[in-house]
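Dropping protein.cif in here (mmCIF, C-alpha atoms):
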data_entry
#
loop_
_atom_site.label_atom_id
_atom_site.label_comp_id
_atom_site.auth_asym_id
_atom_site.auth_seq_id
_atom_site.Cartn_x
_atom_site.Cartn_y
_atom_site.Cartn_z
CA THR A 296 33.55 56.80 98.26
CA ALA A 297 36.39 55.41 100.34
CA THR A 298 38.42 58.60 99.90
CA THR A 299 40.38 59.39 103.05
CA ARG A 300 41.19 62.66 104.78
CA GLY A 301 44.01 63.50 107.16
CA ARG A 302 46.64 61.11 105.80
CA VAL A 303 49.02 63.67 104.28
CA PRO A 304 49.66 65.83 107.36
CA LYS A 305 53.26 66.82 106.58
CA THR A 306 52.43 68.05 103.09
CA LEU A 307 49.34 69.88 104.30
CA ALA A 308 51.28 71.60 107.08
CA LYS A 309 53.97 72.79 104.65
CA LEU A 310 51.37 74.09 102.22
CA ARG A 311 49.68 76.06 104.97
CA ARG A 312 52.94 77.49 106.35
CA GLY A 313 54.20 78.53 102.94
CA GLU A 314 57.23 76.24 103.07
CA PRO A 315 58.71 74.64 99.93
CA VAL A 316 56.66 71.63 98.83
CA THR A 317 57.33 69.25 95.95
CA VAL A 318 54.35 67.34 94.55
CA VAL A 319 54.92 64.67 91.91
CA CYS A 320 52.11 63.25 89.78
CA TRP A 321 52.98 59.79 88.51
CA GLY A 322 50.99 57.61 86.15
CA ASP A 323 49.91 56.54 82.69
CA SER A 324 48.18 58.32 79.81
CA ILE A 325 45.38 59.63 82.02
CA THR A 326 47.90 61.39 84.23
CA VAL A 327 49.63 62.64 81.07
CA GLY A 328 46.28 64.20 80.12
CA ALA A 329 45.82 62.40 76.82
CA ASP A 330 43.01 63.70 74.58
CA VAL A 331 42.14 66.74 76.70
CA GLU A 332 43.49 70.27 76.78
CA PRO A 333 46.45 70.68 79.18
CA HIS A 334 44.48 72.87 81.59
CA GLU A 335 41.74 70.20 81.80
CA ALA A 336 44.00 67.31 82.88
CA TRP A 337 43.76 66.42 86.56
CA ALA A 338 47.53 66.61 87.13
CA ASN A 339 47.70 70.17 85.82
CA ARG A 340 44.49 71.13 87.59
CA LEU A 341 46.03 69.89 90.85
CA ARG A 342 48.82 72.44 90.52
CA THR A 343 46.28 75.20 89.83
CA GLU A 344 43.97 74.19 92.67
CA LEU A 345 46.80 73.93 95.20
CA ALA A 346 48.03 77.38 94.27
CA ALA A 347 44.50 78.75 94.73
CA CYS A 348 43.81 76.93 98.00
CA PHE A 349 47.22 77.68 99.51
CA PRO A 350 48.32 81.08 98.16
CA ARG A 351 51.37 81.13 100.45
CA ALA A 352 52.61 77.78 99.19
CA ARG A 353 56.02 77.56 97.52
CA LEU A 354 55.04 74.74 95.24
CA THR A 355 57.17 72.66 92.89
CA HIS A 356 55.02 70.47 90.66
CA ARG A 357 56.31 67.64 88.48
CA ASN A 358 54.55 65.12 86.25
CA HIS A 359 56.30 61.82 85.56
CA SER A 360 53.83 59.94 83.36
CA ILE A 361 54.02 57.82 80.22
CA GLY A 362 51.03 56.56 78.25
CA GLY A 363 50.55 52.81 78.22
CA THR A 364 52.79 52.10 81.20
CA LYS A 365 52.19 50.11 84.37
CA THR A 366 53.79 50.49 87.78
CA ALA A 367 55.85 47.31 87.48
CA GLN A 368 57.51 48.59 84.30
CA TRP A 369 58.72 51.72 86.08
CA LEU A 370 60.32 49.62 88.81
CA GLN A 371 62.30 47.66 86.21
CA ASN A 372 63.39 50.54 83.97
CA GLY A 373 60.72 49.82 81.39
CA ASP A 374 61.45 46.11 80.98
CA PHE A 375 58.86 43.87 82.67
CA PRO A 376 58.39 40.28 81.45
CA GLY A 377 55.48 39.88 79.06
CA LEU A 378 54.99 43.62 78.46
CA PRO A 379 56.26 45.87 75.67
CA LYS A 380 59.58 47.47 76.52
CA GLN A 381 59.48 51.14 77.45
CA ASN A 382 62.18 53.76 77.09
CA PRO A 383 64.64 52.96 79.92
CA GLU A 384 65.73 56.59 80.07
CA LYS A 385 62.23 57.79 80.95
CA CYS A 386 60.33 54.85 82.46
CA ARG A 387 62.34 54.73 85.68
CA PHE A 388 61.15 54.83 89.27
CA ASP A 389 64.35 56.52 90.36
CA LEU A 390 63.29 59.60 88.37
CA VAL A 391 60.29 59.94 90.70
CA LEU A 392 62.48 59.50 93.77
CA ALA A 393 65.08 61.92 92.44
CA GLU A 394 62.56 64.76 92.72
CA LYS A 395 62.69 64.28 96.52
CA PRO A 396 58.92 64.74 96.67
CA ASP A 397 56.96 65.54 99.78
CA LEU A 398 53.92 63.98 98.12
CA VAL A 399 53.34 61.60 95.22
CA VAL A 400 49.88 61.40 93.64
CA MET A 401 49.70 58.22 91.59
CA GLU A 402 47.18 56.83 89.06
CA PHE A 403 47.62 53.73 86.90
CA LEU A 404 44.49 52.46 85.16
CA ASN A 405 46.75 50.08 83.24
CA ASP A 406 47.42 48.10 86.43
CA ILE A 407 43.96 46.51 86.07
CA THR A 408 45.56 43.69 84.07
CA PHE A 409 47.74 42.58 87.00
CA GLY A 410 46.79 39.84 89.43
CA GLU A 411 47.01 40.45 93.16
CA ASP A 412 50.41 38.75 93.45
CA VAL A 413 52.06 41.23 91.06
CA LEU A 414 50.19 44.14 92.61
CA GLU A 415 51.32 43.16 96.10
CA ARG A 416 54.99 42.83 95.13
CA THR A 417 55.01 46.04 93.13
CA TYR A 418 53.17 48.28 95.56
CA GLN A 419 55.12 46.90 98.51
CA ALA A 420 58.36 47.86 96.74
CA ILE A 421 57.00 51.38 96.18
CA HIS A 422 55.95 51.56 99.81
CA ASP A 423 59.40 50.51 101.01
CA ALA A 424 61.05 53.25 98.93
CA PHE A 425 58.58 55.94 99.99
CA ALA A 426 58.63 54.97 103.67
CA ALA A 427 62.43 55.08 103.76
CA ARG A 428 62.34 58.66 102.45
CA GLY A 429 59.31 59.94 104.37
CA ILE A 430 57.30 60.49 101.18
CA GLU A 431 53.54 60.85 101.56
CA TRP A 432 51.39 59.13 98.96
CA ILE A 433 47.91 59.64 97.51
CA ILE A 434 46.86 56.47 95.72
CA VAL A 435 44.16 57.15 93.12
CA THR A 436 41.73 54.41 92.20
CA PRO A 437 41.35 54.87 88.44
CA SER A 438 38.42 55.55 86.17
CA GLN A 439 36.65 53.00 83.99
CA LYS A 440 37.35 51.82 80.48
CA VAL A 441 34.85 50.51 77.95
CA PRO A 442 34.47 46.73 78.41
CA SER A 443 35.06 44.68 75.30
CA ASP A 444 31.39 43.70 75.09
CA PHE A 445 29.94 47.02 76.33
CA ASN A 446 28.62 45.07 79.30
CA LEU A 447 26.06 47.28 81.00
CA GLY A 448 26.07 44.89 83.94
CA GLU A 449 29.63 45.97 84.73
CA MET A 450 28.52 49.57 84.72
CA LYS A 451 25.73 48.91 87.21
CA ASP A 452 27.09 46.19 89.50
CA GLY A 453 28.56 48.64 92.03
CA GLN A 454 31.39 46.23 92.78
CA PRO A 455 35.03 47.33 92.90
CA ARG A 456 37.43 45.80 90.41
CA LEU A 457 40.24 43.65 91.78
CA LEU A 458 42.61 46.62 91.42
CA ASP A 459 40.30 49.02 93.25
CA ALA A 460 39.72 46.59 96.12
CA PHE A 461 43.45 45.94 96.41
CA LEU A 462 44.30 49.65 96.46
CA ARG A 463 41.73 50.32 99.19
CA ARG A 464 43.14 47.54 101.37
CA PHE A 465 46.73 48.53 100.68
CA ALA A 466 46.15 52.19 101.52
CA ASP A 467 44.39 51.27 104.77
CA ARG A 468 47.08 48.78 105.76
CA HIS A 469 49.87 51.32 105.43
CA GLY A 470 47.97 54.50 106.29
CA TYR A 471 48.30 56.08 102.85
CA ALA A 472 45.75 58.50 101.47
CA LEU A 473 43.24 57.13 98.97
CA ALA A 474 41.44 59.19 96.32
CA ASP A 475 38.61 56.84 95.37
CA THR A 476 37.80 58.07 91.87
CA ALA A 477 36.70 54.58 90.85
CA ALA A 478 33.73 54.74 93.20
CA ARG A 479 32.63 58.01 91.61
CA TRP A 480 32.70 56.43 88.16
CA LYS A 481 30.79 53.37 89.38
CA HIS A 482 28.08 55.68 90.74
CA LEU A 483 27.58 57.65 87.53
CA HIS A 484 24.77 55.47 86.19
CA ARG A 485 22.70 56.38 89.28
CA GLU A 486 23.10 60.01 88.23
CA GLY A 487 21.79 59.19 84.76
CA ILE A 488 25.25 59.37 83.18
CA PRO A 489 26.63 56.25 81.47
CA TYR A 490 30.35 56.38 82.08
CA PHE A 491 30.86 55.69 78.36
CA ALA A 492 29.85 59.32 77.84
CA LEU A 493 32.83 60.62 79.82
CA PHE A 494 35.55 59.50 77.43
CA ALA A 495 37.44 61.81 75.12
CA ASN A 496 38.61 58.88 72.98
CA ALA A 497 35.56 56.56 73.20
CA TYR A 498 37.58 53.97 75.14
CA ASN A 499 39.49 54.95 78.28
CA HIS A 500 40.71 58.58 78.31
CA PRO A 501 38.42 60.80 80.40
CA ASN A 502 37.10 64.05 79.04
CA ALA A 503 37.32 67.29 81.02
CA PHE A 504 34.32 66.34 83.17
CA GLY A 505 35.90 62.95 83.91
CA HIS A 506 39.15 64.60 84.96
CA GLY A 507 37.08 66.77 87.26
CA LEU A 508 36.02 63.67 89.20
CA PHE A 509 39.70 62.87 89.75
CA ILE A 510 40.55 66.32 91.06
CA GLU A 511 37.55 66.44 93.40
CA GLU A 512 38.56 63.20 95.14
CA ILE A 513 42.26 64.12 95.27
CA LEU A 514 41.49 67.49 96.87
CA ARG A 515 39.41 65.74 99.55
CA CYS A 516 42.60 63.93 100.57
CA LEU A 517 44.13 67.34 101.27
CA GLU A 518 41.43 68.36 103.72
CA ALA A 519 42.28 68.18 107.40
#

Translate this file's structure into structure tokens.
Amino acid sequence: TATTRGRVPKTLAKLRRGEPVTVVCWGDSITVGADVEPHEAWANRLRTELAACFPRARLTHRNHSIGGTKTAQWLQNGDFPGLPKQNPEKCRFDLVLAEKPDLVVMEFLNDITFGEDVLERTYQAIHDAFAARGIEWIIVTPSQKVPSDFNLGEMKDGQPRLLDAFLRRFADRHGYALADTAARWKHLHREGIPYFALFANAYNHPNAFGHGLFIEEILRCLEA
């Protein structure tokens, strides 16, 4: 995978020294943990794993996630042209910033419908806000969803989706950490596992095993 190490040094140093650290998970229904038990969802597992790996850590963990949302909706208080309106009291980017996080771990499978122009504008705006506040960022390339025609060629082609390729370039350009979960899912067929088998809802919500692939890649970002 293209998962990176060593790009969240401030957060890692605070975790090791036992200083207060605020980690915010931000995303869509997968980050919510839809269709799995709470302890199986990657966002909740991250809190558990960090506590185990860094027993001295004084960790504050928050999850700002809403099913069905996309990044651009959060930046416009839930009202993005052409998309269903979201609750403006909850779908707000300033709620993420208000936590004053040391680290944001972000996953949005729903962004796969955006073209590169919207992705560039949206992620650049997030970058500007995070950079101004010294926030470190782990960008998670998302899992798969079932294609409308159950196209096995998509499962086996080994090629990144437009979103995945964009996120890899964006993370490299700005020096952000990348948890390349998408590459793990693309490789599953070589392990004899059709990714269709890793859904809890037969469409796009990972089961507990699928969430495990997320947490493994995210934890690699927290290695020195």

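Running the PyMOL selection byres ((chain A and resi 348) around 12) on this file leaves A:Leu307, A:Leu310, A:Arg311, A:Gly313, A:Arg340, A:Leu341, A:Arg342, A:Thr343, A:Glu344, A:Leu345, A:Ala346, A:Ala347, A:Phe349, A:Pro350, A:Arg351, A:Ala352, A:Leu354, A:Leu514, A:Leu517, A:Glu518 selected.
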
Handout entry: Of the listed residues A:Lys440, A:Lys395, A:Lys385, A:Arg357, that which approaches A:Ala427 most closely, counting only C-alpha atoms
Key = A:Lys395

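With all atoms listed in the file as the atoms that count, the minimum distance from A:Ala478 to the choices A:Lys365, A:Arg456, A:His356, A:Arg464 is reached by A:Arg456.
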
Handout entry: Shell of 10 Å around A:Thr417, only C-alpha atoms, local chain residues under 5 positions omitted, as a list in words
Key = Thr366, Ala367, Gln368, Trp369, Leu370, Glu411, Asp412 and His422 of chain A

Given the PyMOL selection byres ((chain A and resi 397-405) around 7) and the file above, list the residues it selects as a short mmCIF file (atom, residue, chain, number, x, y, z; two decimals) with C-alpha atoms, in the frame of the given file.
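What follows is the written file expr_24.cif:
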data_model
loop_
_atom_site.label_atom_id
_atom_site.label_comp_id
_atom_site.auth_asym_id
_atom_site.auth_seq_id
_atom_site.Cartn_x
_atom_site.Cartn_y
_atom_site.Cartn_z
CA THR A 306 52.43 68.05 103.09
CA VAL A 316 56.66 71.63 98.83
CA THR A 317 57.33 69.25 95.95
CA VAL A 318 54.35 67.34 94.55
CA VAL A 319 54.92 64.67 91.91
CA CYS A 320 52.11 63.25 89.78
CA TRP A 321 52.98 59.79 88.51
CA GLY A 322 50.99 57.61 86.15
CA ASP A 323 49.91 56.54 82.69
CA THR A 326 47.90 61.39 84.23
CA GLY A 363 50.55 52.81 78.22
CA THR A 364 52.79 52.10 81.20
CA LYS A 365 52.19 50.11 84.37
CA LYS A 395 62.69 64.28 96.52
CA PRO A 396 58.92 64.74 96.67
CA ASP A 406 47.42 48.10 86.43
CA ILE A 407 43.96 46.51 86.07
CA THR A 408 45.56 43.69 84.07
CA ILE A 430 57.30 60.49 101.18
CA GLU A 431 53.54 60.85 101.56
CA TRP A 432 51.39 59.13 98.96
CA ILE A 433 47.91 59.64 97.51
CA ILE A 434 46.86 56.47 95.72
CA VAL A 435 44.16 57.15 93.12
CA THR A 436 41.73 54.41 92.20
CA PRO A 437 41.35 54.87 88.44
CA SER A 438 38.42 55.55 86.17
#

Problem - Who sits within 8 Å of A:Ala519, only C-alpha atoms, same chain under 4 positions skipped, as a list in words - result: Arg300, Gly301, Pro304 and Leu307 of chain A

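Here atom CA of A:Arg353 is placed at a distance of 4.6 Å from atom CA of A:Pro315.
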
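In this model, the gap between atom CA of A:Gly429 and atom CA of A:Ala308 comes to 14.4 Å.
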
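Taking all atoms listed in the file, the non-local environment of A:Ala329 within 9 Å (same-chain residues fewer than 6 positions away omitted) comprises A:Ala336, A:Gly362, A:Ala495, A:Asn496, A:His500, A:Pro501.
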
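Taking atom CA of A:Asp423 as the reference point, atom CA of A:His506 is found at 29.4 Å.
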
Repair of stretch 373-387 of chain A at the level of N, CA, C and O atoms, as a PDB file, in the coordinates of the input:
ATOM      1  N   GLY A 373      61.459  50.011  82.630  1.00  0.00           N
ATOM      2  CA  GLY A 373      60.720  49.820  81.390  1.00  0.00           C
ATOM      3  C   GLY A 373      60.699  48.415  80.840  1.00  0.00           C
ATOM      4  O   GLY A 373      60.091  48.170  79.792  1.00  0.00           O
ATOM      5  N   ASP A 374      61.326  47.467  81.517  1.00  0.00           N
ATOM      6  CA  ASP A 374      61.450  46.110  80.980  1.00  0.00           C
ATOM      7  C   ASP A 374      60.862  45.106  81.956  1.00  0.00           C
ATOM      8  O   ASP A 374      61.556  44.578  82.833  1.00  0.00           O
ATOM      9  N   PHE A 375      59.555  44.833  81.810  1.00  0.00           N
ATOM     10  CA  PHE A 375      58.860  43.870  82.670  1.00  0.00           C
ATOM     11  C   PHE A 375      58.443  42.683  81.811  1.00  0.00           C
ATOM     12  O   PHE A 375      57.903  42.874  80.723  1.00  0.00           O
ATOM     13  N   PRO A 376      58.700  41.459  82.264  1.00  0.00           N
ATOM     14  CA  PRO A 376      58.390  40.280  81.450  1.00  0.00           C
ATOM     15  C   PRO A 376      56.953  40.259  80.955  1.00  0.00           C
ATOM     16  O   PRO A 376      56.017  40.480  81.719  1.00  0.00           O
ATOM     17  N   GLY A 377      56.795  40.010  79.649  1.00  0.00           N
ATOM     18  CA  GLY A 377      55.480  39.880  79.060  1.00  0.00           C
ATOM     19  C   GLY A 377      54.853  41.195  78.609  1.00  0.00           C
ATOM     20  O   GLY A 377      53.762  41.182  78.033  1.00  0.00           O
ATOM     21  N   LEU A 378      55.524  42.317  78.859  1.00  0.00           N
ATOM     22  CA  LEU A 378      54.990  43.620  78.460  1.00  0.00           C
ATOM     23  C   LEU A 378      55.935  44.296  77.479  1.00  0.00           C
ATOM     24  O   LEU A 378      57.140  44.043  77.500  1.00  0.00           O
ATOM     25  N   PRO A 379      55.395  45.166  76.611  1.00  0.00           N
ATOM     26  CA  PRO A 379      56.260  45.870  75.670  1.00  0.00           C
ATOM     27  C   PRO A 379      57.319  46.691  76.420  1.00  0.00           C
ATOM     28  O   PRO A 379      57.024  47.291  77.457  1.00  0.00           O
ATOM     29  N   LYS A 380      58.513  46.715  75.880  1.00  0.00           N
ATOM     30  CA  LYS A 380      59.580  47.470  76.520  1.00  0.00           C
ATOM     31  C   LYS A 380      59.334  48.971  76.372  1.00  0.00           C
ATOM     32  O   LYS A 380      58.928  49.451  75.313  1.00  0.00           O
ATOM     33  N   GLN A 381      59.593  49.694  77.448  1.00  0.00           N
ATOM     34  CA  GLN A 381      59.480  51.140  77.450  1.00  0.00           C
ATOM     35  C   GLN A 381      60.874  51.767  77.434  1.00  0.00           C
ATOM     36  O   GLN A 381      61.872  51.102  77.699  1.00  0.00           O
ATOM     37  N   ASN A 382      60.918  53.043  77.129  1.00  0.00           N
ATOM     38  CA  ASN A 382      62.180  53.760  77.090  1.00  0.00           C
ATOM     39  C   ASN A 382      62.849  53.730  78.467  1.00  0.00           C
ATOM     40  O   ASN A 382      62.321  54.318  79.420  1.00  0.00           O
ATOM     41  N   PRO A 383      64.005  53.078  78.601  1.00  0.00           N
ATOM     42  CA  PRO A 383      64.640  52.960  79.920  1.00  0.00           C
ATOM     43  C   PRO A 383      65.166  54.277  80.468  1.00  0.00           C
ATOM     44  O   PRO A 383      65.477  54.377  81.656  1.00  0.00           O
ATOM     45  N   GLU A 384      65.268  55.299  79.598  1.00  0.00           N
ATOM     46  CA  GLU A 384      65.730  56.590  80.070  1.00  0.00           C
ATOM     47  C   GLU A 384      64.607  57.401  80.718  1.00  0.00           C
ATOM     48  O   GLU A 384      64.875  58.338  81.475  1.00  0.00           O
ATOM     49  N   LYS A 385      63.361  57.032  80.424  1.00  0.00           N
ATOM     50  CA  LYS A 385      62.230  57.790  80.950  1.00  0.00           C
ATOM     51  C   LYS A 385      61.357  56.990  81.903  1.00  0.00           C
ATOM     52  O   LYS A 385      60.805  57.555  82.847  1.00  0.00           O
ATOM     53  N   CYS A 386      61.202  55.699  81.629  1.00  0.00           N
ATOM     54  CA  CYS A 386      60.330  54.850  82.460  1.00  0.00           C
ATOM     55  C   CYS A 386      61.147  54.264  83.607  1.00  0.00           C
ATOM     56  O   CYS A 386      61.475  53.078  83.628  1.00  0.00           O
ATOM     57  N   ARG A 387      61.476  55.127  84.571  1.00  0.00           N
ATOM     58  CA  ARG A 387      62.340  54.730  85.680  1.00  0.00           C
ATOM     59  C   ARG A 387      61.797  55.295  86.987  1.00  0.00           C
ATOM     60  O   ARG A 387      61.587  56.504  87.109  1.00  0.00           O
TER      61      ARG A 387
END
